[in-house]
file upload_9.csv (CSV, C-alpha atoms)
chain,number,residue,atom,x,y,z
I,28,MET,CA,-39.6,-159.7,68.6
I,29,GLY,CA,-37.0,-161.2,66.4
I,30,ALA,CA,-39.4,-163.9,65.2
I,31,LEU,CA,-42.0,-161.3,64.4
I,32,VAL,CA,-39.5,-159.2,62.4
I,33,GLY,CA,-38.4,-162.3,60.6
I,34,ARG,CA,-42.1,-163.2,59.8
I,35,VAL,CA,-42.8,-159.7,58.5
I,36,SER,CA,-39.6,-159.7,56.4
I,37,ARG,CA,-40.5,-163.1,54.9
I,38,LEU,CA,-44.0,-161.9,54.1
I,39,SER,CA,-42.6,-158.7,52.4
I,40,ARG,CA,-40.2,-160.8,50.3
I,41,ALA,CA,-43.0,-163.1,49.3
I,42,ARG,CA,-45.2,-160.1,48.4
I,43,ASN,CA,-42.5,-158.6,46.3
I,44,ALA,CA,-41.8,-161.9,44.5
I,45,VAL,CA,-45.4,-162.4,43.7
I,46,GLY,CA,-45.7,-158.9,42.4
I,47,LEU,CA,-42.7,-159.4,40.1
I,48,ALA,CA,-44.2,-162.6,38.8
I,49,PHE,CA,-47.4,-160.7,37.9
I,50,VAL,CA,-45.4,-157.9,36.2
I,51,LEU,CA,-43.3,-160.3,34.1
I,52,ASN,CA,-46.4,-162.4,33.1
I,53,GLY,CA,-48.0,-159.2,31.8
I,54,LEU,CA,-44.8,-158.1,30.0
I,55,CYS,CA,-44.6,-161.4,28.1
I,56,PHE,CA,-48.3,-161.3,27.2
I,57,ALA,CA,-48.4,-157.7,25.9
I,58,SER,CA,-45.2,-158.3,23.9
I,59,TRP,CA,-47.0,-161.0,22.0
I,60,VAL,CA,-50.2,-158.8,21.7
I,61,SER,CA,-48.1,-156.1,20.1
I,62,ARG,CA,-47.3,-158.5,17.3
I,63,ILE,CA,-50.9,-159.6,16.6
I,64,PRO,CA,-51.5,-157.1,13.7
I,65,GLU,CA,-48.2,-158.2,12.2
I,66,ALA,CA,-49.3,-161.9,12.4
I,67,ARG,CA,-52.6,-161.1,10.6
I,68,GLU,CA,-50.8,-159.2,7.8
I,69,ARG,CA,-47.9,-161.7,7.4
I,70,PHE,CA,-50.2,-164.7,7.1
I,71,GLU,CA,-52.9,-162.8,5.3
I,72,LEU,CA,-55.6,-163.8,7.8
I,73,SER,CA,-59.2,-162.8,7.8
I,74,ASN,CA,-60.8,-162.0,11.2
I,75,GLY,CA,-61.9,-165.6,11.4
I,76,GLY,CA,-58.4,-166.8,10.7
I,77,LEU,CA,-56.9,-164.5,13.3
I,78,GLY,CA,-59.5,-165.7,15.8
I,79,ALA,CA,-58.4,-169.3,15.1
I,80,LEU,CA,-54.8,-168.4,15.6
I,81,LEU,CA,-55.5,-166.7,18.9
I,82,LEU,CA,-57.5,-169.7,19.9
I,83,ALA,CA,-54.3,-171.7,20.3
I,84,ILE,CA,-53.3,-169.7,23.4
I,85,ALA,CA,-56.7,-170.2,25.1
I,86,ALA,CA,-56.8,-173.9,24.2
I,87,GLY,CA,-53.4,-174.5,25.8
I,88,SER,CA,-54.4,-172.6,28.9
I,89,LEU,CA,-57.7,-174.5,29.3
I,90,ILE,CA,-55.9,-177.8,29.2
I,91,ALA,CA,-53.5,-176.7,31.9
I,92,LEU,CA,-55.8,-174.9,34.2
I,93,PRO,CA,-58.0,-177.7,35.6
I,94,THR,CA,-55.1,-179.7,36.9
I,95,THR,CA,-52.9,-176.9,38.1
I,96,GLY,CA,-54.7,-176.6,41.5
I,97,ALA,CA,-54.0,-180.3,42.2
I,98,ALA,CA,-50.4,-179.9,41.1
I,99,ILE,CA,-49.9,-177.0,43.4
I,100,ALA,CA,-51.3,-179.0,46.3
I,101,THR,CA,-48.9,-181.8,45.5
I,102,TYR,CA,-45.7,-180.0,44.4
I,103,GLY,CA,-46.1,-176.4,45.7
I,104,THR,CA,-46.3,-173.1,43.9
I,105,VAL,CA,-42.5,-172.8,43.4
I,106,ARG,CA,-42.2,-175.9,41.2
I,107,VAL,CA,-45.4,-175.3,39.4
I,108,ILE,CA,-44.7,-171.6,38.4
I,109,ARG,CA,-41.3,-172.7,37.2
I,110,VAL,CA,-42.9,-175.3,34.9
I,111,GLY,CA,-45.2,-172.5,33.6
I,112,ALA,CA,-42.3,-170.2,33.0
I,113,ALA,CA,-40.5,-173.0,31.1
I,114,PHE,CA,-43.4,-173.6,28.8
I,115,SER,CA,-43.9,-169.9,28.2
I,116,LEU,CA,-40.2,-169.6,27.2
I,117,VAL,CA,-40.4,-172.5,24.7
I,118,GLY,CA,-43.8,-171.4,23.4
I,119,LEU,CA,-43.1,-167.7,22.7
I,120,LEU,CA,-39.7,-168.4,21.2
I,121,SER,CA,-41.3,-171.0,18.8
I,122,ALA,CA,-44.1,-168.5,17.9
I,123,ALA,CA,-41.5,-165.8,17.2
I,124,VAL,CA,-39.6,-168.1,14.9
I,125,GLY,CA,-42.9,-169.1,13.2
I,126,LEU,CA,-43.8,-165.4,12.6
I,127,THR,CA,-40.9,-165.2,10.1
I,128,GLN,CA,-42.2,-168.0,7.8
I,129,ASP,CA,-44.3,-170.8,9.3
I,130,LEU,CA,-48.0,-170.4,10.4
I,131,ALA,CA,-48.1,-174.0,11.8
I,132,LEU,CA,-45.0,-173.4,14.0
I,133,THR,CA,-46.6,-170.1,15.2
I,134,VAL,CA,-49.8,-172.1,16.2
I,135,VAL,CA,-47.8,-174.7,18.0
I,136,GLY,CA,-45.7,-172.1,19.8
I,137,LEU,CA,-48.8,-170.2,20.9
I,138,PHE,CA,-50.4,-173.4,22.2
I,139,LEU,CA,-47.3,-174.2,24.3
I,140,TYR,CA,-47.3,-170.6,25.5
I,141,GLY,CA,-50.9,-171.0,26.5
I,142,LEU,CA,-50.0,-174.0,28.6
I,143,GLY,CA,-47.3,-172.0,30.3
I,144,LEU,CA,-49.5,-169.0,30.8
I,145,GLY,CA,-52.3,-171.0,32.4
I,146,VAL,CA,-49.9,-172.8,34.9
I,147,TRP,CA,-48.1,-169.5,35.7
I,148,ASP,CA,-51.4,-167.7,36.2
I,149,VAL,CA,-52.9,-170.1,38.7
I,150,ALA,CA,-49.7,-170.5,40.6
I,151,MET,CA,-49.2,-166.7,41.1
I,152,ASN,CA,-52.8,-166.2,41.9
I,153,VAL,CA,-52.8,-168.9,44.6
I,154,GLU,CA,-49.6,-167.5,46.0
I,155,GLY,CA,-51.0,-164.0,45.9
I,156,ALA,CA,-54.2,-165.0,47.7
I,157,GLU,CA,-52.0,-166.6,50.5
I,158,VAL,CA,-50.0,-163.4,50.9
I,159,GLU,CA,-53.3,-161.4,50.9
I,160,ARG,CA,-54.8,-163.6,53.6
I,161,ARG,CA,-51.7,-163.3,55.8
I,162,LEU,CA,-51.6,-159.5,55.4
I,163,GLY,CA,-55.2,-159.3,56.4
I,164,ARG,CA,-56.1,-156.6,53.8
I,165,THR,CA,-57.0,-156.4,50.1
I,166,ILE,CA,-53.9,-156.6,47.9
I,167,MET,CA,-54.9,-158.9,45.0
I,168,PRO,CA,-55.9,-156.0,42.7
I,169,ARG,CA,-52.5,-154.5,43.2
I,170,PHE,CA,-50.9,-157.7,42.2
I,171,HIS,CA,-53.0,-157.6,39.0
I,172,ALA,CA,-52.0,-154.0,38.7
I,173,GLY,CA,-48.5,-155.4,38.4
I,174,PHE,CA,-49.7,-157.6,35.6
I,175,SER,CA,-51.2,-154.5,33.9
I,176,LEU,CA,-48.0,-152.5,34.5
I,177,GLY,CA,-46.1,-155.3,32.7
I,178,THR,CA,-48.6,-155.1,29.8
I,179,VAL,CA,-48.1,-151.3,29.7
I,180,VAL,CA,-44.4,-151.7,29.4
I,181,GLY,CA,-44.7,-154.5,26.9
I,182,ALA,CA,-47.3,-152.6,24.8
I,183,LEU,CA,-45.2,-149.4,24.7
I,184,VAL,CA,-42.0,-151.2,23.9
I,185,GLY,CA,-43.8,-153.3,21.3
I,186,ALA,CA,-45.4,-150.3,19.7
I,187,GLY,CA,-42.0,-148.6,19.4
I,188,LEU,CA,-40.4,-151.7,17.9
I,189,VAL,CA,-43.2,-152.3,15.5
I,190,ALA,CA,-43.0,-148.7,14.3
I,191,LEU,CA,-39.2,-149.2,13.8
I,192,HIS,CA,-40.0,-152.5,11.9
I,193,ALA,CA,-37.9,-154.5,14.4
I,194,PRO,CA,-38.1,-158.3,13.9
I,195,ALA,CA,-40.3,-160.3,16.2
I,196,LEU,CA,-37.7,-162.9,17.2
I,197,PRO,CA,-35.2,-160.7,19.0
I,198,HIS,CA,-38.0,-158.7,20.6
I,199,LEU,CA,-40.0,-161.6,22.0
I,200,GLY,CA,-36.9,-163.7,22.6
I,201,VAL,CA,-35.2,-161.1,24.9
I,202,VAL,CA,-38.5,-160.5,26.8
I,203,VAL,CA,-39.4,-164.1,27.5
I,204,VAL,CA,-35.9,-165.3,28.3
I,205,PHE,CA,-35.4,-162.5,30.8
I,206,SER,CA,-38.9,-163.0,32.3
I,207,SER,CA,-38.7,-166.8,32.6
I,208,VAL,CA,-35.3,-166.8,34.2
I,209,THR,CA,-36.2,-164.1,36.7
I,210,VAL,CA,-39.4,-165.9,37.7
I,211,TRP,CA,-37.4,-169.1,38.2
I,212,LEU,CA,-35.1,-167.3,40.6
I,213,VAL,CA,-37.5,-165.2,42.6
I,214,ALA,CA,-40.0,-168.1,43.2
I,215,THR,CA,-37.8,-169.3,46.0
I,216,ARG,CA,-39.2,-166.4,48.1
I,217,PHE,CA,-42.8,-167.7,47.8
I,218,LEU,CA,-44.7,-168.7,51.0
I,219,PRO,CA,-45.5,-172.4,51.5
I,220,ILE,CA,-49.1,-173.1,50.6
I,221,VAL,CA,-50.5,-175.2,53.5
I,222,GLU,CA,-54.1,-176.3,53.2
I,223,GLN,CA,-55.8,-178.1,56.1
I,224,ARG,CA,-57.1,-181.0,54.0
I,225,ASP,CA,-58.2,-182.2,50.6
I,226,HIS,CA,-54.7,-182.0,49.2
I,227,ASP,CA,-55.4,-184.1,46.2
I,228,SER,CA,-57.3,-184.1,42.9
I,229,ARG,CA,-60.6,-184.8,44.6
I,230,SER,CA,-60.6,-181.3,46.0
I,231,VAL,CA,-60.8,-179.9,42.5
I,232,ARG,CA,-63.8,-182.2,41.7
I,233,ARG,CA,-65.6,-181.0,44.8
I,234,ALA,CA,-64.9,-177.4,44.0
I,235,TRP,CA,-66.7,-177.9,40.6
I,236,LEU,CA,-69.8,-178.7,42.6
I,237,GLU,CA,-69.9,-175.7,44.9
I,238,PRO,CA,-72.6,-173.1,43.8
I,239,ARG,CA,-70.6,-170.1,45.1
I,240,THR,CA,-67.5,-171.1,43.3
I,241,LEU,CA,-69.4,-171.6,40.0
I,242,ALA,CA,-71.2,-168.3,40.4
I,243,ILE,CA,-67.8,-166.5,40.9
I,244,GLY,CA,-66.6,-168.4,37.8
I,245,VAL,CA,-69.5,-167.1,35.7
I,246,MET,CA,-68.8,-163.6,36.8
I,247,VAL,CA,-65.2,-163.9,36.0
I,248,LEU,CA,-66.1,-165.4,32.6
I,249,ALA,CA,-67.8,-162.2,31.5
I,250,LEU,CA,-65.3,-159.9,33.0
I,251,ALA,CA,-62.4,-161.9,31.5
I,252,MET,CA,-64.2,-161.5,28.2
I,253,THR,CA,-64.2,-157.8,28.9
I,254,GLU,CA,-60.5,-157.7,29.4
I,255,GLY,CA,-59.5,-160.4,26.9
I,256,THR,CA,-61.4,-158.8,24.0
I,257,ALA,CA,-59.3,-155.6,24.4
I,258,ASN,CA,-56.1,-157.7,24.6
I,259,ASP,CA,-56.9,-159.5,21.4
I,260,TRP,CA,-59.0,-157.1,19.3
I,261,LEU,CA,-58.7,-153.5,20.5
I,262,ALA,CA,-55.6,-152.7,18.4
I,263,VAL,CA,-57.1,-154.4,15.3
I,264,ALA,CA,-60.5,-152.7,15.8
I,265,LEU,CA,-58.8,-149.3,16.0
I,266,VAL,CA,-56.9,-150.0,12.8
I,267,ASP,CA,-60.0,-151.3,10.9
I,268,GLY,CA,-62.7,-149.1,12.4
I,269,HIS,CA,-60.9,-145.8,12.9
I,270,GLY,CA,-58.2,-146.0,10.3
I,271,VAL,CA,-55.2,-145.5,12.5
I,272,SER,CA,-51.8,-147.0,11.9
I,273,HIS,CA,-50.6,-150.3,13.3
I,274,SER,CA,-48.4,-148.6,15.8
I,275,SER,CA,-51.2,-146.3,16.9
I,276,GLY,CA,-53.5,-149.3,17.3
I,277,VAL,CA,-50.9,-150.8,19.7
I,278,ALA,CA,-50.6,-147.4,21.5
I,279,GLY,CA,-54.4,-147.5,22.0
I,280,PHE,CA,-54.0,-150.9,23.6
I,281,ALA,CA,-51.2,-149.4,25.8
I,282,LEU,CA,-53.7,-146.7,26.9
I,283,PHE,CA,-56.2,-149.4,27.8
I,284,VAL,CA,-53.8,-151.3,30.0
I,285,ALA,CA,-52.5,-148.1,31.6
I,286,ALA,CA,-56.1,-147.2,32.6
I,287,MET,CA,-56.5,-150.8,33.9
I,288,THR,CA,-53.3,-150.5,35.9
I,289,VAL,CA,-54.4,-147.4,37.7
I,290,GLY,CA,-57.8,-148.9,38.3
I,291,ARG,CA,-56.3,-151.9,39.9
I,292,TYR,CA,-53.8,-150.0,42.0
I,293,LEU,CA,-56.5,-147.7,43.4
I,294,GLY,CA,-59.1,-150.5,43.6
I,295,SER,CA,-57.6,-152.3,46.6
I,296,GLY,CA,-58.3,-149.4,49.0
I,297,LEU,CA,-61.7,-148.7,47.4
I,298,ILE,CA,-62.7,-152.4,47.9
I,299,ASP,CA,-61.8,-152.3,51.6
I,300,ARG,CA,-63.9,-149.1,51.9
I,301,PHE,CA,-67.0,-149.9,49.7
I,302,GLY,CA,-66.9,-153.6,49.4
I,303,ARG,CA,-66.5,-156.0,46.5
I,304,VAL,CA,-70.0,-156.0,45.2
I,305,ALA,CA,-70.4,-152.2,44.9
I,306,MET,CA,-67.0,-151.8,43.2
I,307,LEU,CA,-67.7,-154.6,40.7
I,308,TRP,CA,-71.1,-153.1,39.7
I,309,GLY,CA,-69.5,-149.7,39.4
I,310,THR,CA,-66.6,-150.8,37.3
I,311,MET,CA,-68.8,-153.0,35.0
I,312,GLY,CA,-71.0,-149.9,34.3
I,313,THR,CA,-67.9,-147.9,33.5
I,314,ALA,CA,-66.7,-150.6,31.0
I,315,PHE,CA,-70.1,-150.6,29.4
I,316,CYS,CA,-70.0,-146.9,28.7
I,317,GLY,CA,-66.4,-147.1,27.5
I,318,VAL,CA,-67.1,-149.7,24.9
I,319,LEU,CA,-70.0,-147.6,23.5
I,320,LEU,CA,-67.8,-144.6,23.2
I,321,ILE,CA,-65.1,-146.6,21.3
I,322,VAL,CA,-67.6,-148.0,18.9
I,323,PHE,CA,-69.8,-145.0,18.3
I,324,GLY,CA,-67.3,-142.2,18.9
I,325,HIS,CA,-66.7,-140.0,15.8
I,326,SER,CA,-63.4,-138.5,16.9
I,327,LEU,CA,-60.2,-139.9,18.3
I,328,PRO,CA,-60.4,-137.9,21.6
I,329,VAL,CA,-63.8,-139.5,22.3
I,330,VAL,CA,-62.4,-142.9,21.4
I,331,ALA,CA,-59.5,-142.3,23.8
I,332,ILE,CA,-61.9,-141.5,26.6
I,333,GLY,CA,-63.7,-144.7,25.8
I,334,ILE,CA,-60.5,-146.7,26.0
I,335,VAL,CA,-59.7,-145.2,29.4
I,336,LEU,CA,-63.2,-146.0,30.7
I,337,TRP,CA,-63.0,-149.6,29.3
I,338,GLY,CA,-59.6,-150.1,30.9
I,339,ALA,CA,-60.7,-148.8,34.3
I,340,GLY,CA,-64.0,-150.8,34.1
I,341,ALA,CA,-62.2,-154.0,33.3
I,342,SER,CA,-59.7,-153.6,36.1
I,343,LEU,CA,-61.2,-155.4,39.1
I,344,GLY,CA,-63.2,-158.4,37.8
I,345,PHE,CA,-60.4,-161.0,37.6
I,346,PRO,CA,-58.5,-160.1,40.7
I,347,VAL,CA,-61.6,-159.9,42.9
I,348,GLY,CA,-62.8,-163.2,41.5
I,349,MET,CA,-59.4,-164.8,42.5
I,350,SER,CA,-59.6,-163.3,46.0
I,351,ALA,CA,-63.2,-164.4,46.4
I,352,ALA,CA,-62.4,-168.0,45.3
I,353,ALA,CA,-59.6,-168.1,47.9
I,354,ASP,CA,-61.4,-166.6,50.8
I,355,ASP,CA,-61.3,-169.9,52.7
I,356,PRO,CA,-57.7,-171.3,52.7
I,357,VAL,CA,-59.2,-174.8,52.6
I,358,ARG,CA,-59.1,-175.9,49.0
I,359,ALA,CA,-58.1,-172.4,47.9
I,360,ALA,CA,-55.8,-173.8,45.1
I,361,ALA,CA,-58.7,-176.0,43.9
I,362,ARG,CA,-61.2,-173.1,43.8
I,363,VAL,CA,-58.8,-170.7,42.1
I,364,SER,CA,-58.1,-173.4,39.5
I,365,VAL,CA,-61.9,-173.9,38.9
I,366,VAL,CA,-62.6,-170.1,38.7
I,367,SER,CA,-59.6,-169.6,36.4
I,368,THR,CA,-60.7,-172.4,34.2
I,369,ILE,CA,-64.2,-170.9,33.8
I,370,GLY,CA,-62.7,-167.5,33.3
I,371,TYR,CA,-60.2,-168.6,30.7
I,372,ALA,CA,-63.2,-170.1,28.7
I,373,ALA,CA,-63.7,-166.5,27.7
I,374,PHE,CA,-60.3,-166.5,26.1
I,375,LEU,CA,-61.2,-169.7,24.3
I,376,ALA,CA,-64.6,-168.6,23.2
I,377,GLY,CA,-63.7,-164.9,22.7
I,378,PRO,CA,-61.5,-165.0,19.6
I,379,PRO,CA,-63.8,-167.1,17.4
I,380,LEU,CA,-66.9,-165.3,18.7
I,381,LEU,CA,-65.6,-161.9,18.0
I,382,ALA,CA,-64.2,-163.1,14.7
I,383,LEU,CA,-67.6,-164.5,13.7
I,384,VAL,CA,-69.4,-161.3,14.6
I,385,GLY,CA,-66.6,-159.2,13.1
I,386,ASP,CA,-66.9,-160.9,9.7
I,387,GLN,CA,-70.6,-159.9,9.7
I,388,VAL,CA,-70.6,-156.4,11.1
I,389,GLY,CA,-67.0,-155.3,11.2
I,390,THR,CA,-64.2,-155.6,13.8
I,391,LEU,CA,-65.1,-152.3,15.6
I,392,LYS,CA,-68.8,-153.1,16.0
I,393,ALA,CA,-68.0,-156.6,17.2
I,394,LEU,CA,-66.7,-155.0,20.4
I,395,LEU,CA,-70.4,-154.5,21.4
I,396,VAL,CA,-70.5,-158.2,22.3
I,397,VAL,CA,-68.6,-157.1,25.5
I,398,ALA,CA,-71.3,-154.6,26.4
I,399,VAL,CA,-74.1,-157.2,25.9
I,400,LEU,CA,-72.3,-159.8,28.1
I,401,LEU,CA,-71.8,-157.4,31.0
I,402,MET,CA,-75.6,-157.0,31.6
I,403,PRO,CA,-76.4,-160.6,32.7
I,404,ALA,CA,-73.0,-161.0,34.4
I,405,ALA,CA,-74.0,-158.3,36.9
I,406,LEU,CA,-76.5,-160.8,38.4
I,407,ALA,CA,-73.6,-163.1,39.5
I,408,VAL,CA,-71.6,-160.3,41.3
I,409,PRO,CA,-73.1,-160.9,44.8
I,410,ALA,CA,-71.4,-164.3,44.9
I,411,ALA,CA,-68.1,-162.4,45.3
I,412,ARG,CA,-69.2,-160.9,48.6
I,413,THR,CA,-66.6,-161.6,51.4
I,414,HIS,CA,-67.2,-165.2,52.6
call {"tool": "encode", "arguments": {"input": "upload_9.csv", "output": "structure tokens"}}
result
Amino acid sequence: MGALVGRVSRLSRARNAVGLAFVLNGLCFASWVSRIPEARERFELSNGGLGALLLAIAAGSLIALPTTGAAIATYGTVRVIRVGAAFSLVGLLSAAVGLTQDLALTVVGLFLYGLGLGVWDVAMNVEGAEVERRLGRTIMPRFHAGFSLGTVVGALVGAGLVALHAPALPHLGVVVVFSSVTVWLVATRFLPIVEQRDHDSRSVRRAWLEPRTLAIGVMVLALAMTEGTANDWLAVALVDGHGVSHSSGVAGFALFVAAMTVGRYLGSGLIDRFGRVAMLWGTMGTAFCGVLLIVFGHSLPVVAIGIVLWGAGASLGFPVGMSAAADDPVRAAARVSVVSTIGYAAFLAGPPLLALVGDQVGTLKALLVVAVLLMPAALAVPAARTH
């Protein structure tokens, strides 16, 4: 009995630690997002220039992601997530300093932050999948709800500080120092990741050849674009297309992540009841309708409804993709790394693609790219069926 109680207690501590890692990751990310309109204005960037700036984060993440699975297999999730937190700390602090005067320093800082974000992301998803597997029920969407909760807090605090004209350096500095130090400490509660075999870089190469893993990656690519476009462009699109203030644009982003948080929290139980495929198709249709209301809505209440639908519709794609990739504990880290890499290609391609379209048709109408991508992505959804 004592051993069972100890096992449950350890599993609960690991679950809470992973959940906190997701929350803090989202807090850091949304804190930076709240400063995107400021960066565009300070450096006098066009949509294309802003897209190039945002590309720095995605480029850093894509460099880190392919090797993180092998690093986890070699060094464990505790060491790897600490490395990610350290890069995030240095990167966001550098970007915050750069926002005061130096575009080049901002780009370098965002690249380093992207490296940290990618490493941190894979490590917490691999650890979350292990906790989910041992619990024997769907919980990954709730971990991602934690990420969304962090973004809600980060967006609301950011909107308030932007409205008060608070400088970026103390804002981002306090957030990233607190978050990185906390993750460093709580990582000791993670469960050990033990795979039966293929504990080296060859497992990652094999995962790249698995049809199911690649199909899941394609699905996550489109759904990551659905989420990432809102992260990077929603606040700017509301400012440009609907004439709201910068702080109101950030508040619109906060509404998006609030809806996504609720969707992820409720989604765990709904997935266990209706299955992954049905829920993914349903949420993708919801996101499609939400984007149309935002773009073509003629009043702010209609636009707000669209934001809520988009947020709810974008809620399950990434977490379900991570769970599906890790269904089999054998090479779970490698498969999560592959799916994450493909998914993060959306963050690499998204900013320049939306910037290019935005320069032609306007920032608001450029959001329609999301609706277009959702239609073919629906064909890859069955790959996420429980393996």
call {"tool": "atom_distance", "arguments": {"input": "upload_9.csv", "atom1": "CA of Ala405 (chain I)", "atom2": "CA of Met311 (chain I)"}}
result
7.7 Å
call {"tool": "closest_residue", "arguments": {"input": "upload_9.csv", "among": "I:His192, I:Ala48, I:Ala410, I:Gly324", "to": "Ala242 (chain I)", "atoms": "only C-alpha atoms"}}
result
I:Ala410
call {"tool": "closest_residue", "arguments": {"input": "upload_9.csv", "among": "I:Ile334, I:Arg42, I:Ala172, I:Val105", "to": "Leu212 (chain I)", "atoms": "all atoms listed in the file"}}
result
I:Val105
call {"tool": "residues_near_point", "arguments": {"input": "upload_9.csv", "point": "(-61.0, -144.7, 32.2)", "cutoff": "12 Å", "atoms": "only C-alpha atoms", "output": "PyMOL selection string"}}
result
chain I and resi 282-291+310-318+320-321+329-342
call {"tool": "residues_around", "arguments": {"input": "upload_9.csv", "residues": "Arg62 (chain I)", "least_positions_apart": "2", "cutoff": "9 Å", "atoms": "all atoms listed in the file", "output": "ChimeraX atom specification"}}
result
/I:57-60,64-67,185-186,189,195,277
call {"tool": "write_last_selection", "arguments": {"input": "upload_9.csv", "atoms": "C-alpha atoms", "output": "PDB file, in the coordinates of the input"}}
result
ATOM      1  CA  ALA I  57     -48.400-157.700  25.900  1.00  0.00           C
ATOM      2  CA  SER I  58     -45.200-158.300  23.900  1.00  0.00           C
ATOM      3  CA  TRP I  59     -47.000-161.000  22.000  1.00  0.00           C
ATOM      4  CA  VAL I  60     -50.200-158.800  21.700  1.00  0.00           C
ATOM      5  CA  PRO I  64     -51.500-157.100  13.700  1.00  0.00           C
ATOM      6  CA  GLU I  65     -48.200-158.200  12.200  1.00  0.00           C
ATOM      7  CA  ALA I  66     -49.300-161.900  12.400  1.00  0.00           C
ATOM      8  CA  ARG I  67     -52.600-161.100  10.600  1.00  0.00           C
ATOM      9  CA  GLY I 185     -43.800-153.300  21.300  1.00  0.00           C
ATOM     10  CA  ALA I 186     -45.400-150.300  19.700  1.00  0.00           C
ATOM     11  CA  VAL I 189     -43.200-152.300  15.500  1.00  0.00           C
ATOM     12  CA  ALA I 195     -40.300-160.300  16.200  1.00  0.00           C
ATOM     13  CA  VAL I 277     -50.900-150.800  19.700  1.00  0.00           C
TER      14      VAL I 277
END
call {"tool": "closest_residue", "arguments": {"input": "upload_9.csv", "among": "I:Arg109, I:Arg160, I:His273, I:Arg232", "to": "Leu144 (chain I)", "atoms": "only C-alpha atoms"}}
result
I:Arg109
call {"tool": "closest_residue", "arguments": {"input": "upload_9.csv", "among": "I:Val117, I:Arg233, I:Gly268, I:Ser367", "to": "Met151 (chain I)", "atoms": "only C-alpha atoms"}}
result
I:Ser367
call {"tool": "residues_near_point", "arguments": {"input": "upload_9.csv", "point": "(-56.5, -158.4, 9.8)", "cutoff": "9 Å", "atoms": "all atoms listed in the file", "output": "VMD selection string"}}
result
chain I and resid 63 to 68 71 to 74 76 to 77 263 266 to 267
call {"tool": "write_last_selection", "arguments": {"input": "upload_9.csv", "atoms": "C-alpha atoms", "output": "mmCIF file, in the coordinates of the input"}}
result
data_model
loop_
_atom_site.group_PDB
_atom_site.id
_atom_site.type_symbol
_atom_site.label_atom_id
_atom_site.label_comp_id
_atom_site.auth_asym_id
_atom_site.auth_seq_id
_atom_site.Cartn_x
_atom_site.Cartn_y
_atom_site.Cartn_z
ATOM 1 C CA ILE I 63 -50.900 -159.600 16.600
ATOM 2 C CA PRO I 64 -51.500 -157.100 13.700
ATOM 3 C CA GLU I 65 -48.200 -158.200 12.200
ATOM 4 C CA ALA I 66 -49.300 -161.900 12.400
ATOM 5 C CA ARG I 67 -52.600 -161.100 10.600
ATOM 6 C CA GLU I 68 -50.800 -159.200 7.800
ATOM 7 C CA GLU I 71 -52.900 -162.800 5.300
ATOM 8 C CA LEU I 72 -55.600 -163.800 7.800
ATOM 9 C CA SER I 73 -59.200 -162.800 7.800
ATOM 10 C CA ASN I 74 -60.800 -162.000 11.200
ATOM 11 C CA GLY I 76 -58.400 -166.800 10.700
ATOM 12 C CA LEU I 77 -56.900 -164.500 13.300
ATOM 13 C CA VAL I 263 -57.100 -154.400 15.300
ATOM 14 C CA VAL I 266 -56.900 -150.000 12.800
ATOM 15 C CA ASP I 267 -60.000 -151.300 10.900
#
call {"tool": "closest_residue", "arguments": {"input": "upload_9.csv", "among": "I:Leu89, I:Val201, I:Ala98, I:Leu250", "to": "Met402 (chain I)", "atoms": "all atoms listed in the file"}}
result
I:Leu250
call {"tool": "atom_distance", "arguments": {"input": "upload_9.csv", "atom1": "CA of Val149 (chain I)", "atom2": "CA of Ala305 (chain I)"}}
result
25.8 Å
call {"tool": "residues_around", "arguments": {"input": "upload_9.csv", "residues": "Leu137 (chain I)", "least_positions_apart": "6", "cutoff": "12 Å", "atoms": "all atoms listed in the file", "output": "PyMOL selection string"}}
result
chain I and resi 56+59-60+63+66+79-88+114-126+130-131+143-144
call {"tool": "atom_distance", "arguments": {"input": "upload_9.csv", "atom1": "CA of Leu241 (chain I)", "atom2": "CA of Ala407 (chain I)"}}
result
9.5 Å
call {"tool": "residues_around", "arguments": {"input": "upload_9.csv", "residues": "Val384 (chain I)", "least_positions_apart": "3", "cutoff": "10 Å", "atoms": "all atoms listed in the file", "output": "PyMOL selection string"}}
result
chain I and resi 74-75+379-381+387-390+392-396
